[in-house]
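Asks: Just data_37.txt, nothing more (compact mmCIF, C-alpha atoms):
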# COMPACT_ATOMS: atom_id res chain seq x y z
CA MET K 1 63.74 -219.82 41.46
CA LYS K 2 62.66 -218.26 38.19
CA VAL K 3 60.28 -219.81 35.66
CA LEU K 4 59.48 -218.90 32.06
CA LEU K 5 55.76 -219.58 31.55
CA VAL K 6 54.57 -219.76 27.94
CA ASP K 7 50.88 -219.95 27.03
CA ASP K 8 48.76 -218.03 24.53
CA SER K 9 45.91 -217.93 27.03
CA GLY K 10 46.27 -215.11 29.55
CA VAL K 11 43.81 -216.91 31.80
CA MET K 12 45.92 -220.08 31.87
CA ARG K 13 49.03 -218.00 32.56
CA LYS K 14 47.24 -216.39 35.52
CA ILE K 15 46.12 -219.76 36.90
CA ILE K 16 49.55 -221.36 36.55
CA ALA K 17 51.47 -218.30 37.79
CA ARG K 18 49.25 -218.13 40.86
CA GLY K 19 49.88 -221.85 41.47
CA LEU K 20 53.66 -221.42 41.08
CA ASN K 21 53.83 -218.34 43.29
CA SER K 22 52.08 -220.24 46.07
CA LEU K 23 54.94 -222.78 45.98
CA TRP K 24 58.68 -222.11 45.94
CA ILE K 25 58.86 -220.11 42.71
CA GLU K 26 59.91 -216.51 43.34
CA GLU K 27 59.60 -215.11 39.83
CA VAL K 28 57.39 -216.04 36.87
CA VAL K 29 58.15 -214.44 33.48
CA GLU K 30 55.22 -214.76 31.07
CA ALA K 31 55.17 -215.10 27.28
CA GLY K 32 52.24 -215.52 24.88
CA ASP K 33 53.95 -217.72 22.29
CA GLY K 34 57.27 -219.33 21.38
CA ILE K 35 58.71 -216.25 19.71
CA GLU K 36 58.03 -214.00 22.68
CA ALA K 37 59.40 -216.76 24.93
CA LEU K 38 62.72 -216.87 23.07
CA GLU K 39 62.99 -213.08 23.31
CA LYS K 40 62.36 -213.09 27.06
CA PHE K 41 64.57 -216.14 27.67
CA GLY K 42 67.58 -214.52 25.99
CA ASP K 43 70.66 -216.44 27.03
CA GLY K 44 68.69 -218.18 29.79
CA GLU K 45 70.58 -216.42 32.59
CA GLY K 46 68.73 -216.84 35.89
CA PHE K 47 65.98 -219.15 34.60
CA ASN K 48 65.47 -222.50 36.33
CA LEU K 49 62.55 -223.96 34.37
CA VAL K 50 60.47 -223.46 31.21
CA LEU K 51 56.77 -224.35 31.35
CA THR K 52 55.12 -224.26 27.95
CA ASP K 53 51.79 -224.94 26.33
CA TRP K 54 51.86 -226.96 23.08
CA ASN K 55 49.24 -225.39 20.82
CA MET K 56 50.01 -221.71 20.28
CA PRO K 57 50.01 -219.39 17.28
CA ARG K 58 53.23 -218.11 15.60
CA MET K 59 55.59 -220.60 17.29
CA ASN K 60 54.14 -223.58 19.15
CA GLY K 61 55.54 -225.27 22.24
CA LEU K 62 57.24 -228.08 20.38
CA GLU K 63 59.05 -225.63 18.11
CA LEU K 64 60.08 -223.63 21.17
CA VAL K 65 61.55 -226.73 22.82
CA GLN K 66 63.41 -227.61 19.61
CA ALA K 67 64.79 -224.06 19.37
CA LEU K 68 65.97 -224.04 23.01
CA ARG K 69 67.66 -227.44 22.69
CA ALA K 70 69.21 -226.52 19.32
CA ALA K 71 70.74 -223.48 21.02
CA GLY K 72 72.31 -225.81 23.60
CA HIS K 73 70.15 -224.88 26.62
CA ARG K 74 69.86 -227.75 29.11
CA ILE K 75 67.23 -226.11 31.32
CA PRO K 76 64.38 -228.42 32.45
CA ILE K 77 61.28 -228.02 30.26
CA MET K 78 57.77 -229.10 31.18
CA MET K 79 54.99 -229.19 28.61
CA ILE K 80 51.50 -228.26 29.82
CA THR K 81 49.07 -229.57 27.27
CA THR K 82 45.99 -231.55 26.35
CA GLU K 83 48.06 -233.54 23.84
CA THR K 84 48.67 -236.98 25.33
CA GLU K 85 48.66 -239.39 22.38
CA LYS K 86 51.66 -241.69 22.35
CA ASP K 87 53.17 -240.27 19.15
CA GLN K 88 52.75 -236.72 20.44
CA VAL K 89 54.41 -237.54 23.76
CA LEU K 90 57.22 -239.27 21.88
CA LYS K 91 57.70 -236.20 19.67
CA ALA K 92 57.92 -233.98 22.75
CA ILE K 93 60.41 -236.27 24.51
CA GLN K 94 62.55 -236.50 21.37
CA ALA K 95 62.52 -232.71 21.17
CA GLY K 96 63.85 -232.53 24.74
CA VAL K 97 60.85 -232.14 27.05
CA ASN K 98 61.59 -233.40 30.59
CA ASP K 99 58.03 -233.80 31.87
CA TYR K 100 54.38 -233.37 31.05
CA LEU K 101 51.42 -231.82 32.87
CA VAL K 102 48.08 -232.71 31.34
CA LYS K 103 45.29 -230.10 31.24
CA PRO K 104 43.00 -229.93 33.15
CA PHE K 105 44.98 -230.12 36.37
CA ASP K 106 44.65 -229.02 39.96
CA GLN K 107 47.14 -227.48 42.37
CA ASP K 108 48.18 -230.90 43.76
CA MET K 109 49.07 -232.13 40.28
CA LEU K 110 51.05 -228.95 39.54
CA THR K 111 52.93 -229.31 42.84
CA MET K 112 53.73 -232.98 42.23
CA LYS K 113 55.07 -232.31 38.73
CA LEU K 114 57.07 -229.29 39.87
CA GLU K 115 58.70 -231.33 42.62
CA ARG K 116 59.93 -233.75 39.98
CA VAL K 117 61.56 -231.23 37.64
CA LEU K 118 62.47 -228.44 40.07
CA PRO K 119 62.51 -229.66 43.68
CA ASN K 120 61.99 -227.18 46.50
CA PRO K 121 65.55 -226.23 47.53
CA GLN K 122 64.47 -225.78 51.15
CA SER K 123 63.27 -229.38 51.46
CA ALA K 124 66.54 -230.81 50.08
CA MET B 1 23.19 -240.58 7.81
CA LEU B 2 23.25 -241.19 11.54
CA LEU B 3 26.19 -242.21 13.66
CA CYS B 4 26.25 -245.89 14.55
CA VAL B 5 25.07 -246.52 18.10
CA GLU B 6 28.51 -247.59 19.29
CA THR B 7 30.30 -244.51 17.89
CA ARG B 8 27.63 -242.21 19.26
CA SER B 9 27.95 -243.79 22.68
CA ILE B 10 31.76 -243.43 22.66
CA ILE B 11 31.46 -239.75 21.71
CA VAL B 12 28.79 -239.00 24.32
CA ASP B 13 30.74 -240.72 27.10
CA ALA B 14 34.03 -239.03 26.13
CA LEU B 15 32.47 -235.59 25.94
CA ASP B 16 30.46 -236.04 29.13
CA GLU B 17 33.46 -237.22 31.15
CA SER B 18 35.67 -234.49 29.75
CA ILE B 19 33.34 -231.55 30.34
CA ARG B 20 32.63 -232.69 33.91
CA GLU B 21 36.34 -233.12 34.63
CA VAL B 22 37.26 -229.70 33.24
CA PHE B 23 34.53 -227.88 35.15
CA SER B 24 35.34 -229.75 38.33
CA MET B 25 39.10 -229.08 38.20
CA MET B 26 39.31 -225.66 36.59
CA VAL B 27 36.03 -223.98 37.55
CA GLY B 28 35.35 -225.80 40.82
CA SER B 29 31.82 -226.70 39.76
CA GLU B 30 30.10 -230.08 39.45
CA LEU B 31 27.88 -229.91 36.36
CA GLN B 32 24.40 -231.37 36.38
CA LYS B 33 23.50 -233.08 33.10
CA LEU B 34 20.09 -232.18 31.69
CA PRO B 35 17.95 -234.77 29.90
CA LEU B 36 17.11 -233.95 26.26
CA ASP B 37 13.42 -233.51 27.10
CA SER B 38 14.11 -231.26 30.08
CA PRO B 39 11.55 -228.43 30.40
CA VAL B 40 14.50 -226.14 31.22
CA LEU B 41 15.84 -226.69 27.68
CA ARG B 42 12.42 -226.14 26.10
CA ASN B 43 12.03 -222.87 28.00
CA ARG B 44 15.50 -221.75 26.96
CA LYS B 45 14.61 -222.27 23.28
CA ALA B 46 11.33 -220.42 23.71
CA ASN B 47 12.92 -217.46 25.51
CA ASN B 48 16.26 -217.36 23.78
CA ALA B 49 16.80 -213.65 24.22
CA SER B 50 19.98 -213.75 26.30
CA ARG B 51 23.28 -213.07 24.56
CA GLU B 52 25.42 -216.14 24.18
CA MET B 53 29.01 -217.10 23.41
CA THR B 54 30.35 -220.21 21.76
CA VAL B 55 33.84 -221.66 21.53
CA VAL B 56 34.41 -223.80 18.44
CA LEU B 57 37.30 -226.17 17.74
CA GLY B 58 37.79 -228.13 14.54
CA LEU B 59 38.33 -231.87 14.67
CA SER B 60 39.95 -234.00 12.00
CA GLY B 61 41.08 -237.60 11.76
CA GLU B 62 38.71 -240.54 11.58
CA LEU B 63 35.95 -238.13 12.57
CA ASP B 64 35.75 -234.82 10.74
CA GLY B 65 33.88 -231.79 12.05
CA SER B 66 33.85 -229.56 15.10
CA LEU B 67 33.09 -229.43 18.78
CA SER B 68 31.48 -226.37 20.30
CA LEU B 69 30.58 -225.25 23.77
CA SER B 70 27.86 -222.61 24.13
CA MET B 71 26.75 -220.59 27.12
CA PRO B 72 25.05 -217.32 28.03
CA GLU B 73 27.49 -214.43 28.49
CA SER B 74 26.52 -214.38 32.17
CA ALA B 75 27.82 -217.95 32.49
CA ALA B 76 31.06 -216.93 30.77
CA LEU B 77 31.51 -214.09 33.28
CA LEU B 78 30.87 -216.46 36.18
CA LEU B 79 33.25 -219.15 35.01
CA THR B 80 35.97 -216.54 34.44
CA LYS B 81 35.48 -215.37 38.01
CA CYS B 82 35.73 -218.97 39.26
CA MET B 83 38.89 -219.63 37.22
CA ILE B 84 40.98 -216.53 37.98
CA ASP B 85 39.26 -214.93 40.92
CA ILE B 86 38.43 -211.61 39.30
CA ASP B 87 34.92 -210.33 38.72
CA PRO B 88 34.52 -209.19 35.10
CA LEU B 89 31.60 -206.82 34.49
CA GLU B 90 31.42 -207.42 30.75
CA VAL B 91 32.82 -209.74 28.10
CA ASP B 92 36.44 -208.67 27.66
CA GLN B 93 39.58 -210.41 26.41
CA GLU B 94 40.00 -212.32 29.67
CA VAL B 95 36.49 -213.74 29.41
CA VAL B 96 37.06 -214.69 25.77
CA ASP B 97 40.34 -216.30 26.83
CA ALA B 98 38.70 -218.27 29.64
CA VAL B 99 35.94 -219.57 27.36
CA GLY B 100 38.49 -220.45 24.68
CA GLU B 101 40.73 -222.28 27.12
CA LEU B 102 37.82 -224.16 28.62
CA GLY B 103 36.79 -225.32 25.14
CA ASN B 104 40.37 -226.31 24.42
CA MET B 105 40.52 -228.47 27.55
CA VAL B 106 37.09 -230.05 26.97
CA VAL B 107 37.99 -231.03 23.40
CA GLY B 108 41.46 -232.17 24.47
CA GLY B 109 39.95 -234.34 27.18
CA ALA B 110 37.38 -235.83 24.81
CA LYS B 111 40.09 -236.49 22.22
CA ARG B 112 42.16 -238.26 24.86
CA ARG B 113 39.22 -240.57 25.54
CA MET B 114 38.78 -241.35 21.83
CA VAL B 115 42.33 -242.33 20.90
CA ASP B 116 41.18 -244.89 18.32
CA PHE B 117 39.81 -242.07 16.16
CA LYS B 118 43.29 -240.50 15.86
CA LEU B 119 41.88 -236.99 16.16
CA THR B 120 43.69 -233.71 15.84
CA MET B 121 42.18 -230.43 16.99
CA SER B 122 42.46 -226.81 15.92
CA LEU B 123 43.04 -223.75 18.09
CA PRO B 124 39.79 -222.47 19.67
CA SER B 125 37.68 -219.71 18.09
CA VAL B 126 35.27 -217.82 20.31
CA ILE B 127 32.18 -216.30 18.66
CA ARG B 128 29.30 -214.16 19.95
CA ALA B 129 26.47 -216.54 19.04
CA GLY B 130 24.48 -219.27 20.75
CA ILE B 131 24.07 -222.93 19.90
CA ASP B 132 20.71 -222.36 18.20
CA GLN B 133 22.21 -219.73 15.88
CA ILE B 134 24.92 -221.99 14.47
CA ARG B 135 24.19 -223.28 10.96
CA PHE B 136 26.44 -225.67 9.08
CA CYS B 137 27.02 -225.27 5.35
CA SER B 138 27.85 -228.93 4.77
CA LYS B 139 25.76 -231.94 5.75
CA THR B 140 26.41 -232.78 9.37
CA THR B 141 25.11 -235.00 12.09
CA THR B 142 25.15 -233.54 15.58
CA VAL B 143 25.26 -234.79 19.15
CA LYS B 144 24.27 -232.29 21.86
CA LEU B 145 24.67 -232.52 25.63
CA SER B 146 23.36 -229.85 28.00
CA TYR B 147 24.31 -229.12 31.59
CA ARG B 148 23.23 -226.85 34.37
CA PHE B 149 26.06 -224.62 35.61
CA ASP B 150 24.85 -222.57 38.57
CA GLU B 151 21.67 -220.99 37.17
CA HIS B 152 22.88 -221.22 33.54
CA ILE B 153 22.71 -223.81 30.78
CA ILE B 154 25.84 -224.88 28.96
CA THR B 155 25.54 -226.95 25.80
CA ALA B 156 28.26 -229.01 24.16
CA MET B 157 27.79 -230.05 20.55
CA ILE B 158 29.80 -232.31 18.28
CA ALA B 159 28.96 -231.75 14.61
CA LEU B 160 30.41 -234.31 12.21
CA ARG B 161 30.52 -234.05 8.42
CA ILE B 162 28.75 -236.92 6.68
Spell out the structure here as structure tokens.
Replies:
Amino acid sequence: MKVLLVDDSGVMRKIIARGLNSLWIEEVVEAGDGIEALEKFGDGEGFNLVLTDWNMPRMNGLELVQALRAAGHRIPIMMITTETEKDQVLKAIQAGVNDYLVKPFDQDMLTMKLERVLPNPQSA
Amino acid sequence: MLLCVETRSIIVDALDESIREVFSMMVGSELQKLPLDSPVLRNRKANNASREMTVVLGLSGELDGSLSLSMPESAALLLTKCMIDIDPLEVDQEVVDAVGELGNMVVGGAKRRMVDFKLTMSLPSVIRAGIDQIRFCSKTTTVKLSYRFDEHIITAMIALRI
């Protein structure tokens, strides 16, 4: 299982990557903004999930989601954000986000959300 | 102009709940709120020689201003260690990142608890200055809350343009 993790905060990337690696995710590819994420994603080969922050410089998470969906990628996308207002959530869903993880979160919350979008293949 | 009592109370509760939640979940620390007349705060002002850092985020919507979170650099080093399990010796990009992200989550959490104000927030800016060194160029009213984090004092401040 391979995840593209997009956040402009290196600290948040470390926290989330550590959380993912303790679960059933074998590889985490990190990007600091939407533009770097698109470069690393390429044609999406081998990726199983995109986890992205919303507020980032250059290209934000919403723009990244729109770009991935516009290019026809159907990969599950989870937004990790502090933005939870109804109109923001609606915007994200309309853009093609599959699920939401609200910051701050703990390992249990990360595990629960991950199970929903990318279940552990060994427990299937 | 002062904030009306009800608005002030909503802001204080939202900020208090948010900062406690963020420190509990992301830093693994239960903050202890300090009363405004705490001798600890008076001593800090009298001996304010330690270097401090502040993360500032702009707020706009039905309230217009900023929210900042200030702490001594030693507190920033400690919270970085708690968050990512490395032991920074000095303020580097990771420490700046941790402080910025913490501010982002505190403001995001407060915003979530004040939905009626339809707030939007900026990206965080981290500066090398303490709460007592911040001066606003426009007329503002401020609300400050201080907490004990380990042996350090962390102060959150909402400054609203009037």
Asks: If you count all atoms listed in the file, which residues fall within 10 Å of Leu5 of chain K, apart from same-chain ones fewer than 5 positions away, as a PyMOL selection string?
Replies: chain K and resi 12-14+16-17+20+28-33+37+49-53+78+80
Asks: Would you mind exporting C-alpha atoms of the selected residues as a tab-separated table (two decimals), in the frame of the given file?
Replies:
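Output saved as part-v4.tsv:
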chain	number	residue	atom	x	y	z
K	12	MET	CA	45.92	-220.08	31.87
K	13	ARG	CA	49.03	-218.00	32.56
K	14	LYS	CA	47.24	-216.39	35.52
K	16	ILE	CA	49.55	-221.36	36.55
K	17	ALA	CA	51.47	-218.30	37.79
K	20	LEU	CA	53.66	-221.42	41.08
K	28	VAL	CA	57.39	-216.04	36.87
K	29	VAL	CA	58.15	-214.44	33.48
K	30	GLU	CA	55.22	-214.76	31.07
K	31	ALA	CA	55.17	-215.10	27.28
K	32	GLY	CA	52.24	-215.52	24.88
K	33	ASP	CA	53.95	-217.72	22.29
K	37	ALA	CA	59.40	-216.76	24.93
K	49	LEU	CA	62.55	-223.96	34.37
K	50	VAL	CA	60.47	-223.46	31.21
K	51	LEU	CA	56.77	-224.35	31.35
K	52	THR	CA	55.12	-224.26	27.95
K	53	ASP	CA	51.79	-224.94	26.33
K	78	MET	CA	57.77	-229.10	31.18
K	80	ILE	CA	51.50	-228.26	29.82
Asks: What separation in Å, quoted to one decimal, exists between atom CA of Ala92 of chain K and atom CA of Asn104 of chain B?
Replies: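 Between atom CA of Ala92 of chain K and atom CA of Asn104 of chain B the gap is 19.2 Å.
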Asks: Using all atoms listed in the file, find the residues of chain B whose closest atom to chain K is at most 8 Å away, then write them as a list in words.
Replies: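 My answer is Glu21, Val22, Met25, Met26, Met83, Ile84, Glu94, Asp97, Ala98, Glu101, Asn104, Met105, Gly108, Gly109, Arg112, Val115 and Leu123 of chain B.
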Asks: List as number ranges by chain the protein and nucleic acid residues near segment 68-80 of chain B, meaning an atom at most 8 Å away when only C-alpha atoms are counted, but skip any in the same chain fewer than 4 places from it.
Replies: B: 27, 50-57, 84-91, 94-95, 98-99, 103, 130-131, 149, 152-158
Asks: Of the candidates K:Leu114, K:Asp108, K:Ala95, K:Asn21, which shows the shortest atom-to-atom distance to Gln66 of chain K, using all atoms listed in the file?
Replies: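 Among K:Leu114, K:Asp108, K:Ala95, K:Asn21, it is K:Ala95 that comes nearest to Gln66 of chain K.
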Asks: For Glu63 of chain K, please output as a PyMOL selection string all residues within 10 Å (counting all atoms listed in the file; exclusion window: fewer than 5 positions along the same chain).
Replies: chain K and resi 34-35+54+58+68-69+92+95
Asks: Those residues with C-alpha atoms, as a compact mmCIF listing (two decimals), in the frame of the given file please?
Replies:
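File written: out13.txt
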# COMPACT_ATOMS: atom_id res chain seq x y z
CA GLY K 34 57.27 -219.33 21.38
CA ILE K 35 58.71 -216.25 19.71
CA TRP K 54 51.86 -226.96 23.08
CA ARG K 58 53.23 -218.11 15.60
CA LEU K 68 65.97 -224.04 23.01
CA ARG K 69 67.66 -227.44 22.69
CA ALA K 92 57.92 -233.98 22.75
CA ALA K 95 62.52 -232.71 21.17
Asks: When you look at Val117 of chain K with a cut-off of 8 Å (counting all atoms listed in the file), what residues show up, excluding the ones that are within fewer than 4 positions of it in the same chain? I need them as an NGL selection string.
Replies: :K and (76 or 78 or 98-99 or 113)
Asks: Using only C-alpha atoms, pick whichever of B:Ser125, B:Gln93, B:Ser66, B:Thr120 has the shortest atom-to-atom distance to Ala159 of chain B.
Replies: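 Selected residue with least distance to Ala159 of chain B: B:Ser66.
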Asks: Every residue with an atom at most 9 Å from (33.8, -241.3, 22.2) (file coordinates; all atoms listed in the file) is what I'm after, so could you write them as a PyMOL selection string?
Replies: chain B and resi 6-15+110-111+113-115+117
Asks: Could you work out how far atom CA of Leu63 of chain B lies from atom CA of Leu90 of chain K, giving the answer in Å with one decimal?
Replies: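 One can read the atom CA of Leu90 of chain K to atom CA of Leu63 of chain B distance as 23.2 Å.
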Asks: Using all atoms listed in the file, can you tell me which of B:Glu30, B:Thr142, B:Arg20, B:Val106 comes closest to Met121 of chain B?
Replies: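 Among B:Glu30, B:Thr142, B:Arg20, B:Val106, it is B:Val106 that comes nearest to Met121 of chain B.
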Asks: What does the structure give for the distance between atom CA of Phe41 of chain K and atom CA of Trp24 of chain K, in Å to one decimal?
Replies: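 Between atom CA of Phe41 of chain K and atom CA of Trp24 of chain K the gap is 20.1 Å.
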Asks: Using all atoms listed in the file for the distances, tell me which of K:Glu45, K:Val6, K:Pro119, K:Leu62 is nearest to Lys91 of chain K.
Replies: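 Among the listed residues, the smallest separation from Lys91 of chain K belongs to K:Leu62.
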Asks: Would you place a box with edges along x, y and z of the file around all atoms of segment 33-37 of chain B listed there, add 6 Å to each of its six sides, and report the centre and edge lengths in Å to one decimal, as lines of an AutoDock Vina configuration file?
Replies:
center_x = 18.5
center_y = -233.5
center_z = 29.7
size_x = 22.1
size_y = 14.6
size_z = 18.8
Asks: Of the candidates B:Glu151, B:Ser24, B:Cys137, B:Gly65, which shows the shortest atom-to-atom distance to Leu119 of chain B, using all atoms listed in the file?
Replies: B:Gly65
Asks: Give me segment 19-123 of chain K from this structure - C-alpha atoms, as a tab-separated table (two decimals), in the first residue's frame.
Replies:
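Saved file out.tsv follows:
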chain	number	residue	atom	x	y	z
K	19	GLY	CA	1.09	6.99	12.09
K	20	LEU	CA	0.63	5.43	8.64
K	21	ASN	CA	3.80	3.35	8.84
K	22	SER	CA	2.62	1.87	12.13
K	23	LEU	CA	-0.48	0.58	10.30
K	24	TRP	CA	-0.66	-1.28	6.99
K	25	ILE	CA	0.92	1.38	4.77
K	26	GLU	CA	4.24	0.21	3.34
K	27	GLU	CA	5.32	3.37	1.53
K	28	VAL	CA	4.61	7.06	2.14
K	29	VAL	CA	5.66	9.57	-0.54
K	30	GLU	CA	5.76	13.13	0.80
K	31	ALA	CA	5.07	16.45	-0.94
K	32	GLY	CA	5.06	20.00	0.43
K	33	ASP	CA	2.29	21.44	-1.75
K	34	GLY	CA	-0.09	20.60	-4.58
K	35	ILE	CA	2.41	21.25	-7.36
K	36	GLU	CA	5.04	18.96	-5.86
K	37	ALA	CA	2.28	16.40	-5.24
K	38	LEU	CA	1.26	16.35	-8.91
K	39	GLU	CA	4.90	15.90	-9.93
K	40	LYS	CA	5.40	12.98	-7.55
K	41	PHE	CA	2.02	11.42	-8.36
K	42	GLY	CA	2.76	11.32	-12.10
K	43	ASP	CA	0.31	8.93	-13.71
K	44	GLY	CA	-0.66	7.57	-10.28
K	45	GLU	CA	0.90	4.16	-10.90
K	46	GLY	CA	1.23	2.24	-7.63
K	47	PHE	CA	-0.53	4.80	-5.41
K	48	ASN	CA	-3.50	3.64	-3.33
K	49	LEU	CA	-4.46	6.84	-1.49
K	50	VAL	CA	-3.83	10.60	-1.43
K	51	LEU	CA	-3.86	12.36	1.94
K	52	THR	CA	-3.75	16.12	1.63
K	53	ASP	CA	-3.83	19.21	3.79
K	54	TRP	CA	-6.13	22.04	2.61
K	55	ASN	CA	-4.26	25.27	3.32
K	56	MET	CA	-0.91	25.26	1.52
K	57	PRO	CA	1.05	27.79	-0.52
K	58	ARG	CA	1.41	27.59	-4.35
K	59	MET	CA	-1.36	25.02	-4.89
K	60	ASN	CA	-3.75	24.21	-2.04
K	61	GLY	CA	-5.39	20.87	-1.28
K	62	LEU	CA	-8.67	21.70	-2.94
K	63	GLU	CA	-6.92	22.70	-6.17
K	64	LEU	CA	-4.91	19.48	-6.01
K	65	VAL	CA	-8.08	17.40	-5.68
K	66	GLN	CA	-9.66	19.26	-8.60
K	67	ALA	CA	-6.54	18.69	-10.72
K	68	LEU	CA	-6.43	14.95	-9.93
K	69	ARG	CA	-10.13	14.47	-10.68
K	70	ALA	CA	-9.92	16.58	-13.85
K	71	ALA	CA	-7.14	14.27	-15.04
K	72	GLY	CA	-9.48	11.31	-14.51
K	73	HIS	CA	-7.80	9.76	-11.44
K	74	ARG	CA	-10.28	7.82	-9.29
K	75	ILE	CA	-7.88	7.18	-6.39
K	76	PRO	CA	-9.38	7.69	-2.89
K	77	ILE	CA	-8.53	11.13	-1.48
K	78	MET	CA	-8.71	12.13	2.17
K	79	MET	CA	-8.44	15.75	3.26
K	80	ILE	CA	-6.64	16.42	6.55
K	81	THR	CA	-7.63	19.88	7.63
K	82	THR	CA	-8.96	22.27	10.24
K	83	GLU	CA	-11.60	23.46	7.76
K	84	THR	CA	-14.93	21.95	8.81
K	85	GLU	CA	-17.55	24.57	7.94
K	86	LYS	CA	-20.45	23.15	5.97
K	87	ASP	CA	-19.73	25.12	2.79
K	88	GLN	CA	-16.05	24.13	2.92
K	89	VAL	CA	-16.89	20.45	3.37
K	90	LEU	CA	-19.38	20.71	0.51
K	91	LYS	CA	-16.73	22.30	-1.73
K	92	ALA	CA	-14.32	19.47	-0.93
K	93	ILE	CA	-16.91	16.76	-1.59
K	94	GLN	CA	-17.92	18.41	-4.87
K	95	ALA	CA	-14.26	18.49	-5.86
K	96	GLY	CA	-14.01	14.74	-5.26
K	97	VAL	CA	-12.75	14.23	-1.70
K	98	ASN	CA	-13.78	10.83	-0.28
K	99	ASP	CA	-13.25	11.52	3.42
K	100	TYR	CA	-12.11	14.05	5.97
K	101	LEU	CA	-9.77	13.92	8.97
K	102	VAL	CA	-10.05	16.94	11.23
K	103	LYS	CA	-6.92	18.36	12.88
K	104	PRO	CA	-6.06	17.85	15.69
K	105	PHE	CA	-6.35	14.08	15.67
K	106	ASP	CA	-4.86	11.11	17.45
K	107	GLN	CA	-3.68	7.73	16.18
K	108	ASP	CA	-7.08	6.10	16.82
K	109	MET	CA	-8.82	8.69	14.66
K	110	LEU	CA	-6.25	8.26	11.87
K	111	THR	CA	-6.68	4.47	12.01
K	112	MET	CA	-10.48	4.69	11.92
K	113	LYS	CA	-10.48	7.03	8.92
K	114	LEU	CA	-7.87	4.96	7.08
K	115	GLU	CA	-9.94	1.82	7.57
K	116	ARG	CA	-12.82	3.55	5.81
K	117	VAL	CA	-10.97	4.69	2.70
K	118	LEU	CA	-8.23	2.06	2.45
K	119	PRO	CA	-9.06	-1.05	4.50
K	120	ASN	CA	-6.26	-3.29	5.72
K	121	PRO	CA	-6.02	-5.99	3.02
K	122	GLN	CA	-4.99	-8.59	5.59
K	123	SER	CA	-8.18	-8.16	7.62
